[in-house]
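Printed here is model-v1.pdb (PDB, C-alpha atoms):
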```
ATOM      1  CA  MET A   9     150.048 157.599 253.631
ATOM      2  CA  LYS A  10     149.369 160.638 255.795
ATOM      3  CA  HIS A  11     145.684 160.186 255.107
ATOM      4  CA  PHE A  12     145.933 156.562 256.130
ATOM      5  CA  PHE A  13     147.553 157.496 259.466
ATOM      6  CA  PHE A  14     144.880 160.121 260.108
ATOM      7  CA  PHE A  15     142.109 157.633 259.286
ATOM      8  CA  VAL A  16     143.513 154.923 261.580
ATOM      9  CA  SER A  17     143.935 157.438 264.425
ATOM     10  CA  LEU A  18     140.297 158.480 264.101
ATOM     11  CA  ILE A  19     139.169 154.851 264.283
ATOM     12  CA  VAL A  20     141.222 154.227 267.444
ATOM     13  CA  LEU A  21     139.901 157.347 269.169
ATOM     14  CA  ALA A  22     136.296 156.698 268.126
ATOM     15  CA  THR A  23     136.290 153.125 269.383
ATOM     16  CA  SER A  24     137.966 154.188 272.641
ATOM     17  CA  CYS A  25     135.478 156.891 273.622
ATOM     18  CA  ILE A  26     133.019 156.080 276.406
ATOM     19  CA  SER A  27     129.643 157.771 276.152
ATOM     20  CA  ASN A  28     128.474 159.856 279.104
ATOM     21  CA  LYS A  29     125.246 157.841 279.085
ATOM     22  CA  ARG A  30     127.214 154.748 280.050
ATOM     23  CA  ILE A  31     128.873 156.262 283.119
ATOM     24  CA  THR A  32     126.304 158.730 284.512
ATOM     25  CA  TYR A  33     124.136 157.589 287.429
ATOM     26  CA  LEU A  34     120.397 158.141 287.812
ATOM     27  CA  GLN A  35     119.341 159.249 284.351
ATOM     28  CA  ASN A  36     115.747 159.289 283.134
ATOM     29  CA  LEU A  37     115.975 156.311 280.815
ATOM     30  CA  SER A  38     112.409 154.978 280.854
ATOM     31  CA  ASP A  39     109.558 157.132 279.539
ATOM     32  CA  SER A  40     107.093 155.196 281.677
ATOM     33  CA  THR A  41     109.057 155.924 284.858
ATOM     34  CA  SER A  42     110.359 159.430 284.155
ATOM     35  CA  ILE A  43     111.181 161.095 287.468
ATOM     36  CA  ALA A  44     111.534 164.876 287.704
ATOM     37  CA  LEU A  45     113.838 166.758 290.065
ATOM     38  CA  ASP A  46     112.316 167.296 293.542
ATOM     39  CA  GLU A  47     109.698 164.639 292.803
ATOM     40  CA  PHE A  48     108.912 162.402 295.774
ATOM     41  CA  ILE A  49     109.960 158.780 295.166
ATOM     42  CA  PRO A  50     108.377 156.275 297.577
ATOM     43  CA  PHE A  51     110.404 153.231 298.552
ATOM     44  CA  ALA A  52     109.304 149.985 296.959
ATOM     45  CA  GLU A  53     107.206 147.725 299.159
ATOM     46  CA  VAL A  54     109.369 144.662 299.680
ATOM     47  CA  ASP A  55     108.042 141.693 301.589
ATOM     48  CA  TYR A  56     111.470 140.601 302.724
ATOM     49  CA  THR A  57     112.892 140.089 306.202
ATOM     50  CA  TYR A  58     116.496 139.033 306.552
ATOM     51  CA  ILE A  59     116.828 135.482 307.861
ATOM     52  CA  LEU A  60     119.875 134.615 309.930
ATOM     53  CA  GLN A  61     122.141 132.160 308.144
ATOM     54  CA  PRO A  62     125.065 129.924 309.102
ATOM     55  CA  PHE A  63     128.311 131.856 309.678
ATOM     56  CA  ASP A  64     126.520 135.168 310.227
ATOM     57  CA  ILE A  65     127.912 137.275 313.059
ATOM     58  CA  VAL A  66     125.434 138.782 315.486
ATOM     59  CA  GLN A  67     125.786 141.236 318.322
ATOM     60  CA  ILE A  68     124.006 140.156 321.512
ATOM     61  CA  ASP A  69     123.880 142.382 324.599
ATOM     62  CA  PHE A  70     122.190 141.925 327.961
ATOM     63  CA  ALA A  71     121.061 144.733 330.263
ATOM     64  CA  SER A  72     119.486 144.817 333.715
ATOM     65  CA  ALA A  73     118.742 147.269 336.515
ATOM     66  CA  ASP A  74     121.325 145.252 338.454
ATOM     67  CA  PRO A  75     124.408 145.031 336.173
ATOM     68  CA  GLU A  76     125.957 142.283 338.287
ATOM     69  CA  LEU A  77     123.175 139.901 337.286
ATOM     70  CA  VAL A  78     124.285 139.766 333.661
ATOM     71  CA  GLU A  79     128.060 140.000 334.076
ATOM     72  CA  GLY A  80     128.447 136.239 333.782
ATOM     73  CA  PHE A  81     126.681 136.237 330.408
ATOM     74  CA  LYS A  82     129.124 138.620 328.764
ATOM     75  CA  PHE A  83     132.551 138.345 327.268
ATOM     76  CA  MET A  84     135.107 140.715 328.756
ATOM     77  CA  ASN A  85     135.056 142.940 325.663
ATOM     78  CA  THR A  86     131.512 143.290 324.395
ATOM     79  CA  PRO A  87     130.731 144.757 320.946
ATOM     80  CA  GLY A  88     128.613 147.483 322.502
ATOM     81  CA  ASN A  89     131.660 149.094 324.117
ATOM     82  CA  MET A  90     133.713 149.411 320.956
ATOM     83  CA  GLY A  91     132.440 152.710 319.577
ATOM     84  CA  LEU A  92     132.204 151.646 315.948
ATOM     85  CA  GLY A  93     131.886 154.122 313.111
ATOM     86  CA  GLY A  94     129.422 154.223 310.259
ATOM     87  CA  GLY A  95     131.201 152.057 307.714
ATOM     88  CA  ALA A  96     134.363 150.194 306.777
ATOM     89  CA  GLY A  97     135.818 148.780 303.603
ATOM     90  CA  GLY A  98     136.979 145.219 303.322
ATOM     91  CA  GLY A  99     140.318 145.881 301.628
ATOM     92  CA  GLY A 100     142.277 145.724 304.884
ATOM     93  CA  GLY A 101     140.302 142.792 306.252
ATOM     94  CA  SER A 102     139.713 144.504 309.615
ATOM     95  CA  ASP A 103     136.494 143.479 311.279
ATOM     96  CA  PRO A 104     136.482 144.006 315.056
ATOM     97  CA  LEU A 105     133.099 142.329 315.447
ATOM     98  CA  TYR A 106     134.549 139.104 314.084
ATOM     99  CA  MET A 107     136.554 138.863 317.326
ATOM    100  CA  THR A 108     133.860 140.024 319.750
ATOM    101  CA  GLY A 109     130.537 139.159 318.095
ATOM    102  CA  TYR A 110     128.778 135.800 318.214
ATOM    103  CA  SER A 111     129.171 133.634 315.116
ATOM    104  CA  LEU A 112     126.565 131.120 314.014
ATOM    105  CA  ASP A 113     127.973 127.690 313.180
ATOM    106  CA  LYS A 114     127.061 125.630 310.115
ATOM    107  CA  GLU A 115     123.950 124.339 311.906
ATOM    108  CA  GLY A 116     122.746 127.863 312.719
ATOM    109  CA  MET A 117     123.621 127.507 316.412
ATOM    110  CA  VAL A 118     125.115 130.329 318.468
ATOM    111  CA  GLU A 119     127.003 129.608 321.693
ATOM    112  CA  LEU A 120     126.537 132.061 324.555
ATOM    113  CA  PRO A 121     128.252 132.109 327.975
ATOM    114  CA  LYS A 122     126.293 129.952 330.459
ATOM    115  CA  LEU A 123     123.334 129.637 328.080
ATOM    116  CA  GLY A 124     125.186 127.201 325.830
ATOM    117  CA  LYS A 125     124.220 126.591 322.200
ATOM    118  CA  ILE A 126     120.955 128.099 320.972
ATOM    119  CA  LYS A 127     119.440 127.566 317.528
ATOM    120  CA  ILE A 128     118.739 130.933 315.881
ATOM    121  CA  GLY A 129     119.617 130.183 312.245
ATOM    122  CA  GLY A 130     116.575 130.371 309.969
ATOM    123  CA  MET A 131     114.990 133.067 312.151
ATOM    124  CA  SER A 132     114.595 136.808 311.781
ATOM    125  CA  GLU A 133     116.448 139.081 314.195
ATOM    126  CA  GLU A 134     113.260 139.611 316.214
ATOM    127  CA  GLN A 135     112.522 135.890 316.456
ATOM    128  CA  ALA A 136     116.107 135.140 317.476
ATOM    129  CA  LYS A 137     115.952 137.841 320.145
ATOM    130  CA  GLU A 138     112.809 136.268 321.626
ATOM    131  CA  VAL A 139     114.463 132.833 321.763
ATOM    132  CA  VAL A 140     117.520 134.211 323.583
ATOM    133  CA  GLN A 141     115.213 136.203 325.863
ATOM    134  CA  MET A 142     113.343 133.034 326.874
ATOM    135  CA  GLU A 143     116.615 131.232 327.612
ATOM    136  CA  ILE A 144     118.021 133.934 329.882
ATOM    137  CA  ASN A 145     114.662 134.359 331.634
ATOM    138  CA  LYS A 146     115.164 130.840 332.995
ATOM    139  CA  PHE A 147     117.988 132.169 335.176
ATOM    140  CA  PHE A 148     116.402 135.297 336.671
ATOM    141  CA  LYS A 149     113.136 136.457 338.148
ATOM    142  CA  GLU A 150     114.182 140.057 337.488
ATOM    143  CA  GLU A 151     113.695 141.453 334.016
ATOM    144  CA  VAL A 152     116.727 141.221 331.756
ATOM    145  CA  PHE A 153     116.682 143.078 328.449
ATOM    146  CA  VAL A 154     118.173 141.352 325.383
ATOM    147  CA  ARG A 155     119.372 143.184 322.292
ATOM    148  CA  LEU A 156     120.252 141.087 319.223
ATOM    149  CA  ARG A 157     121.142 142.419 315.809
ATOM    150  CA  ILE A 158     123.279 141.703 312.778
ATOM    151  CA  ALA A 159     126.783 143.040 313.353
ATOM    152  CA  GLY A 160     126.780 145.357 310.349
ATOM    153  CA  ILE A 161     125.891 144.701 306.716
ATOM    154  CA  ARG A 162     128.510 142.526 305.044
ATOM    155  CA  TYR A 163     128.545 142.363 301.260
ATOM    156  CA  THR A 164     131.052 141.452 298.552
ATOM    157  CA  THR A 165     132.167 143.454 295.511
ATOM    158  CA  LEU A 166     133.630 141.773 292.430
ATOM    159  CA  GLY A 167     134.658 142.990 288.987
ATOM    160  CA  GLU A 168     135.014 146.666 288.063
ATOM    161  CA  PHE A 169     135.053 148.171 291.565
ATOM    162  CA  ASN A 170     137.959 150.225 292.849
ATOM    163  CA  SER A 171     137.951 148.058 295.968
ATOM    164  CA  VAL A 172     136.969 144.412 295.610
ATOM    165  CA  GLY A 173     136.406 141.945 298.418
ATOM    166  CA  VAL A 174     134.231 141.699 301.512
ATOM    167  CA  GLN A 175     132.941 145.106 302.598
ATOM    168  CA  ILE A 176     131.203 146.111 305.832
ATOM    169  CA  ILE A 177     128.803 148.951 306.598
ATOM    170  CA  TYR A 178     128.022 149.417 310.279
ATOM    171  CA  LYS A 179     124.425 150.526 309.786
ATOM    172  CA  ASN A 180     121.029 148.883 310.044
ATOM    173  CA  ARG A 181     120.083 149.982 306.545
ATOM    174  CA  ALA A 182     122.183 150.898 303.514
ATOM    175  CA  THR A 183     121.460 151.707 299.873
ATOM    176  CA  LEU A 184     123.285 150.511 296.775
ATOM    177  CA  PHE A 185     124.948 153.905 296.582
ATOM    178  CA  ASP A 186     126.144 153.562 300.182
ATOM    179  CA  ALA A 187     127.665 150.249 299.098
ATOM    180  CA  LEU A 188     129.289 151.817 296.012
ATOM    181  CA  ALA A 189     130.790 154.682 298.012
ATOM    182  CA  ASN A 190     131.989 152.311 300.726
ATOM    183  CA  SER A 191     133.806 150.185 298.124
ATOM    184  CA  GLY A 192     135.605 153.090 296.460
ATOM    185  CA  GLU A 193     133.121 153.604 293.595
ATOM    186  CA  THR A 194     133.124 151.701 290.305
ATOM    187  CA  SER A 195     135.834 152.051 287.681
ATOM    188  CA  ILE A 196     135.007 154.061 284.565
ATOM    189  CA  LEU A 197     135.033 150.837 282.560
ATOM    190  CA  GLY A 198     132.315 149.071 284.555
ATOM    191  CA  LYS A 199     128.988 148.292 282.847
ATOM    192  CA  LYS A 200     126.829 150.390 285.158
ATOM    193  CA  ASN A 201     123.723 149.456 283.203
ATOM    194  CA  LYS A 202     124.224 145.740 283.916
ATOM    195  CA  MET A 203     125.304 145.270 287.503
ATOM    196  CA  PHE A 204     124.458 141.853 288.940
ATOM    197  CA  LEU A 205     123.175 141.598 292.498
ATOM    198  CA  ILE A 206     123.427 138.049 293.870
ATOM    199  CA  ARG A 207     121.176 137.768 296.919
ATOM    200  CA  GLN A 208     120.741 134.945 299.396
ATOM    201  CA  TYR A 209     117.237 134.033 300.444
ATOM    202  CA  ASP A 210     116.041 131.437 302.907
ATOM    203  CA  GLY A 211     117.036 128.187 301.233
ATOM    204  CA  GLY A 212     118.549 129.560 298.047
ATOM    205  CA  THR A 213     119.966 132.347 295.908
ATOM    206  CA  LYS A 214     118.679 134.685 293.167
ATOM    207  CA  ILE A 215     120.525 136.838 290.635
ATOM    208  CA  HIS A 216     119.049 140.278 289.915
ATOM    209  CA  GLN A 217     120.253 142.673 287.194
ATOM    210  CA  ILE A 218     120.361 146.360 288.063
ATOM    211  CA  ASN A 219     120.809 149.488 285.941
ATOM    212  CA  LEU A 220     122.723 152.096 287.930
ATOM    213  CA  ASN A 221     122.216 154.598 285.107
ATOM    214  CA  ASP A 222     118.426 154.556 285.551
ATOM    215  CA  ARG A 223     116.767 156.925 288.030
ATOM    216  CA  ALA A 224     113.939 154.397 288.456
ATOM    217  CA  LEU A 225     116.366 152.395 290.612
ATOM    218  CA  LEU A 226     115.459 154.659 293.560
ATOM    219  CA  GLY A 227     112.011 153.063 293.698
ATOM    220  CA  SER A 228     113.067 149.499 292.923
ATOM    221  CA  PRO A 229     112.984 146.534 295.340
ATOM    222  CA  TRP A 230     116.785 146.291 295.170
ATOM    223  CA  TYR A 231     117.631 149.862 296.143
ATOM    224  CA  PHE A 232     118.624 148.704 299.639
ATOM    225  CA  ILE A 233     121.326 146.081 300.032
ATOM    226  CA  GLN A 234     121.039 143.119 302.392
ATOM    227  CA  PRO A 235     123.650 141.195 304.393
ATOM    228  CA  ASN A 236     125.629 138.716 302.262
ATOM    229  CA  ASP A 237     124.755 140.424 298.959
ATOM    230  CA  ILE A 238     127.304 140.049 296.156
ATOM    231  CA  LEU A 239     127.693 142.931 293.677
ATOM    232  CA  TYR A 240     129.359 142.048 290.382
ATOM    233  CA  LEU A 241     130.127 144.603 287.679
ATOM    234  CA  GLU A 242     131.206 143.431 284.225
ATOM    235  CA  PRO A 243     133.859 145.351 282.263
ATOM    236  CA  MET A 244     133.127 147.059 278.958
ATOM    237  CA  LYS A 245     134.718 145.579 275.815
ATOM    238  CA  ILE A 246     137.147 148.494 275.765
ATOM    239  CA  ARG A 247     138.756 146.841 278.812
ATOM    240  CA  GLN A 248     140.730 144.718 276.341
ATOM    241  CA  ILE A 249     142.749 147.817 275.391
ATOM    242  CA  GLY A 250     143.597 148.843 278.931
ATOM    243  CA  THR A 251     142.311 149.621 282.383
ATOM    244  CA  ALA A 252     140.713 152.892 283.387
ATOM    245  CA  ASP A 253     144.099 153.987 284.780
ATOM    246  CA  ASN A 254     146.283 153.090 281.824
ATOM    247  CA  LEU A 255     143.869 153.448 278.888
ATOM    248  CA  THR A 256     145.283 156.836 277.858
ATOM    249  CA  ALA A 257     148.844 155.538 278.134
ATOM    250  CA  SER A 258     147.907 152.463 276.087
ATOM    251  CA  LEU A 259     146.418 154.613 273.321
ATOM    252  CA  ALA A 260     149.437 156.943 273.334
ATOM    253  CA  LEU A 261     151.788 153.972 273.079
ATOM    254  CA  PHE A 262     149.722 152.485 270.252
ATOM    255  CA  ALA A 263     149.710 155.807 268.366
ATOM    256  CA  GLY A 264     153.477 156.162 268.847
ATOM    257  CA  LEU A 265     154.179 152.674 267.546
ATOM    258  CA  LEU A 266     151.891 153.257 264.574
ATOM    259  CA  ALA A 267     153.607 156.556 263.738
ATOM    260  CA  SER A 268     157.048 154.951 263.990
ATOM    261  CA  THR A 269     155.984 152.068 261.747
ATOM    262  CA  LEU A 270     154.593 154.454 259.117
ATOM    263  CA  LEU A 271     157.739 156.607 259.272
ATOM    264  CA  ILE A 272     159.986 153.582 258.694
ATOM    265  CA  PHE A 273     157.706 152.428 255.874
ATOM    266  CA  ASN A 274     157.903 155.849 254.230
ATOM    267  CA  LEU A 275     161.685 155.951 254.537
ATOM    268  CA  VAL A 276     162.058 152.501 253.030
ATOM    269  CA  SER A 277     159.622 153.207 250.214
ATOM    270  CA  GLY A 278     161.331 156.518 249.448
ATOM    271  CA  ASP A 279     158.286 158.738 250.069
ATOM    272  CA  ILE A 280     160.387 160.952 252.360
TER     273      ILE A 280
END
```

Would you mind writing the file out in structure tokens?
Amino acid sequence: MKHFFFFVSLIVLATSCISNKRITYLQNLSDSTSIALDEFIPFAEVDYTYILQPFDIVQIDFASADPELVEGFKFMNTPGNMGLGGGAGGGGGSDPLYMTGYSLDKEGMVELPKLGKIKIGGMSEEQAKEVVQMEINKFFKEEVFVRLRIAGIRYTTLGEFNSVGVQIIYKNRATLFDALANSGETSILGKKNKMFLIRQYDGGTKIHQINLNDRALLGSPWYFIQPNDILYLEPMKIRQIGTADNLTASLALFAGLLASTLLIFNLVSGDI
């Protein structure tokens, strides 16, 4: 019976172990794309420009040599005066630019003081800036500078992340690892070799599968995240036993119950 207990314990421990290869980032997994330390890794050439979509939030600022000229085109609290930091998680739901930025409606229209509704959905940031520039030029002979940009990179994390929900990074460009750090990292039970990136394109959506364990990711077209990306990380099968936080406790409880059952069995059978 003692041998039986020892054998069962070994099976439980063996099936509960998680290989280092499954949780370590940026390994050399592909012989064809082996990347040495200190080796230069060029960014992938991606022919992709973000297109403004309905319900995006944009920051629009006006500037002129005569500040009084553009006062009527601003809200009292403009995004440019808020002193935002580099990034913010979505767990608390705080998003100051939601209150002070300009939101596109379902038709891709943005409503600006005095200028009214302007169609910028379906355009790149640069194209949208030019459209707003033309509209405000109708009011002034003097030159008025327009700045238009996405109010941070919003993305969503689902599955085995330590913080799930809508996340925000207040930068113009961010990598997948920026996104992971901003969302509290992945849990130890996440399938890092099969992370799904759901990306919106003009007129539709694509699902891409990414291997966070593979160093070749640094040169892939999906190394940089885009606004409205969704990152989904599946759990390993071991998740059925417990979460990353309570897995050890679950195994200890299981071992204790097994030992108690065997002890009672031995007492009843007269082996002890």

To one decimal place in Å, what is the distance between atom CA of Ile49 of chain A and atom CA of Asn180 of chain A?
21.0 Å

Take the PyMOL selection byres ((chain A and resi 160-170) around 7), run it mentally on this structure, and tell me the resulting residues as a PDB file with C-alpha atoms, in the coordinates of the input.
```pdb
ATOM      1  CA  ILE A 158     123.279 141.703 312.778  1.00  0.00           C
ATOM      2  CA  ALA A 159     126.783 143.040 313.353  1.00  0.00           C
ATOM      3  CA  SER A 171     137.951 148.058 295.968  1.00  0.00           C
ATOM      4  CA  VAL A 172     136.969 144.412 295.610  1.00  0.00           C
ATOM      5  CA  GLY A 173     136.406 141.945 298.418  1.00  0.00           C
ATOM      6  CA  VAL A 174     134.231 141.699 301.512  1.00  0.00           C
ATOM      7  CA  GLN A 175     132.941 145.106 302.598  1.00  0.00           C
ATOM      8  CA  ILE A 176     131.203 146.111 305.832  1.00  0.00           C
ATOM      9  CA  ILE A 177     128.803 148.951 306.598  1.00  0.00           C
ATOM     10  CA  TYR A 178     128.022 149.417 310.279  1.00  0.00           C
ATOM     11  CA  LYS A 179     124.425 150.526 309.786  1.00  0.00           C
ATOM     12  CA  ASN A 180     121.029 148.883 310.044  1.00  0.00           C
ATOM     13  CA  SER A 191     133.806 150.185 298.124  1.00  0.00           C
ATOM     14  CA  GLY A 192     135.605 153.090 296.460  1.00  0.00           C
ATOM     15  CA  GLU A 193     133.121 153.604 293.595  1.00  0.00           C
ATOM     16  CA  THR A 194     133.124 151.701 290.305  1.00  0.00           C
ATOM     17  CA  SER A 195     135.834 152.051 287.681  1.00  0.00           C
ATOM     18  CA  LEU A 197     135.033 150.837 282.560  1.00  0.00           C
ATOM     19  CA  GLY A 198     132.315 149.071 284.555  1.00  0.00           C
ATOM     20  CA  GLN A 234     121.039 143.119 302.392  1.00  0.00           C
ATOM     21  CA  PRO A 235     123.650 141.195 304.393  1.00  0.00           C
ATOM     22  CA  ASN A 236     125.629 138.716 302.262  1.00  0.00           C
ATOM     23  CA  ASP A 237     124.755 140.424 298.959  1.00  0.00           C
ATOM     24  CA  ILE A 238     127.304 140.049 296.156  1.00  0.00           C
ATOM     25  CA  LEU A 239     127.693 142.931 293.677  1.00  0.00           C
ATOM     26  CA  TYR A 240     129.359 142.048 290.382  1.00  0.00           C
ATOM     27  CA  LEU A 241     130.127 144.603 287.679  1.00  0.00           C
ATOM     28  CA  GLU A 242     131.206 143.431 284.225  1.00  0.00           C
ATOM     29  CA  PRO A 243     133.859 145.351 282.263  1.00  0.00           C
TER      30      PRO A 243
END
```

Work out how far apart atom CA of Met203 of chain A and atom CA of Tyr58 of chain A are and give it in Å to one decimal.
21.9 Å

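Counting all atoms listed in the file and comparing A:Ala189, A:Leu77, A:Ala182, A:Leu60, the residue that lies closest to Lys127 of chain A is A:Leu60.
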
Can you turn the PyMOL selection byres ((chain A and resi 213-220) around 10) into a concrete residue list for this file, as an mmCIF file with C-alpha atoms, in the coordinates of the input?
```cif
data_model
loop_
_atom_site.group_PDB
_atom_site.id
_atom_site.type_symbol
_atom_site.label_atom_id
_atom_site.label_comp_id
_atom_site.auth_asym_id
_atom_site.auth_seq_id
_atom_site.Cartn_x
_atom_site.Cartn_y
_atom_site.Cartn_z
ATOM 1 C CA ARG A 30 127.214 154.748 280.050
ATOM 2 C CA ILE A 31 128.873 156.262 283.119
ATOM 3 C CA THR A 32 126.304 158.730 284.512
ATOM 4 C CA TYR A 33 124.136 157.589 287.429
ATOM 5 C CA LEU A 34 120.397 158.141 287.812
ATOM 6 C CA GLN A 35 119.341 159.249 284.351
ATOM 7 C CA LEU A 37 115.975 156.311 280.815
ATOM 8 C CA LEU A 184 123.285 150.511 296.775
ATOM 9 C CA PHE A 185 124.948 153.905 296.582
ATOM 10 C CA LYS A 199 128.988 148.292 282.847
ATOM 11 C CA LYS A 200 126.829 150.390 285.158
ATOM 12 C CA ASN A 201 123.723 149.456 283.203
ATOM 13 C CA LYS A 202 124.224 145.740 283.916
ATOM 14 C CA MET A 203 125.304 145.270 287.503
ATOM 15 C CA PHE A 204 124.458 141.853 288.940
ATOM 16 C CA LEU A 205 123.175 141.598 292.498
ATOM 17 C CA ILE A 206 123.427 138.049 293.870
ATOM 18 C CA ARG A 207 121.176 137.768 296.919
ATOM 19 C CA GLN A 208 120.741 134.945 299.396
ATOM 20 C CA TYR A 209 117.237 134.033 300.444
ATOM 21 C CA ASP A 210 116.041 131.437 302.907
ATOM 22 C CA GLY A 211 117.036 128.187 301.233
ATOM 23 C CA GLY A 212 118.549 129.560 298.047
ATOM 24 C CA ASN A 221 122.216 154.598 285.107
ATOM 25 C CA ASP A 222 118.426 154.556 285.551
ATOM 26 C CA ARG A 223 116.767 156.925 288.030
ATOM 27 C CA ALA A 224 113.939 154.397 288.456
ATOM 28 C CA LEU A 225 116.366 152.395 290.612
ATOM 29 C CA LEU A 226 115.459 154.659 293.560
ATOM 30 C CA SER A 228 113.067 149.499 292.923
ATOM 31 C CA TRP A 230 116.785 146.291 295.170
ATOM 32 C CA TYR A 231 117.631 149.862 296.143
ATOM 33 C CA ASP A 237 124.755 140.424 298.959
ATOM 34 C CA ILE A 238 127.304 140.049 296.156
ATOM 35 C CA LEU A 239 127.693 142.931 293.677
ATOM 36 C CA TYR A 240 129.359 142.048 290.382
ATOM 37 C CA LEU A 241 130.127 144.603 287.679
#
```

Selection dump of the PyMOL selection byres ((chain A and resi 69) around 12), as a PyMOL selection string
chain A and resi 66-68+70-72+75+78-83+85-89+108-110+120-121+137+140-141+144+152-159

Once you have the residues from the selection above, write them out as a compact mmCIF listing (two decimals), in the frame of the given file, restricted to C-alpha atoms.
```txt
# COMPACT_ATOMS: atom_id res chain seq x y z
CA VAL A 66 125.43 138.78 315.49
CA GLN A 67 125.79 141.24 318.32
CA ILE A 68 124.01 140.16 321.51
CA PHE A 70 122.19 141.93 327.96
CA ALA A 71 121.06 144.73 330.26
CA SER A 72 119.49 144.82 333.72
CA PRO A 75 124.41 145.03 336.17
CA VAL A 78 124.28 139.77 333.66
CA GLU A 79 128.06 140.00 334.08
CA GLY A 80 128.45 136.24 333.78
CA PHE A 81 126.68 136.24 330.41
CA LYS A 82 129.12 138.62 328.76
CA PHE A 83 132.55 138.34 327.27
CA ASN A 85 135.06 142.94 325.66
CA THR A 86 131.51 143.29 324.40
CA PRO A 87 130.73 144.76 320.95
CA GLY A 88 128.61 147.48 322.50
CA ASN A 89 131.66 149.09 324.12
CA THR A 108 133.86 140.02 319.75
CA GLY A 109 130.54 139.16 318.10
CA TYR A 110 128.78 135.80 318.21
CA LEU A 120 126.54 132.06 324.56
CA PRO A 121 128.25 132.11 327.98
CA LYS A 137 115.95 137.84 320.14
CA VAL A 140 117.52 134.21 323.58
CA GLN A 141 115.21 136.20 325.86
CA ILE A 144 118.02 133.93 329.88
CA VAL A 152 116.73 141.22 331.76
CA PHE A 153 116.68 143.08 328.45
CA VAL A 154 118.17 141.35 325.38
CA ARG A 155 119.37 143.18 322.29
CA LEU A 156 120.25 141.09 319.22
CA ARG A 157 121.14 142.42 315.81
CA ILE A 158 123.28 141.70 312.78
CA ALA A 159 126.78 143.04 313.35
```

Selection as a PyMOL selection string: residues within 12 Å of (120.4, 125.1, 322.7), counting all atoms listed in the file
chain A and resi 115-129+139-140+142-144

Please report the interatomic distance between atom CA of Glu138 of chain A and atom CA of Glu150 of chain A in Å with one decimal.
16.4 Å
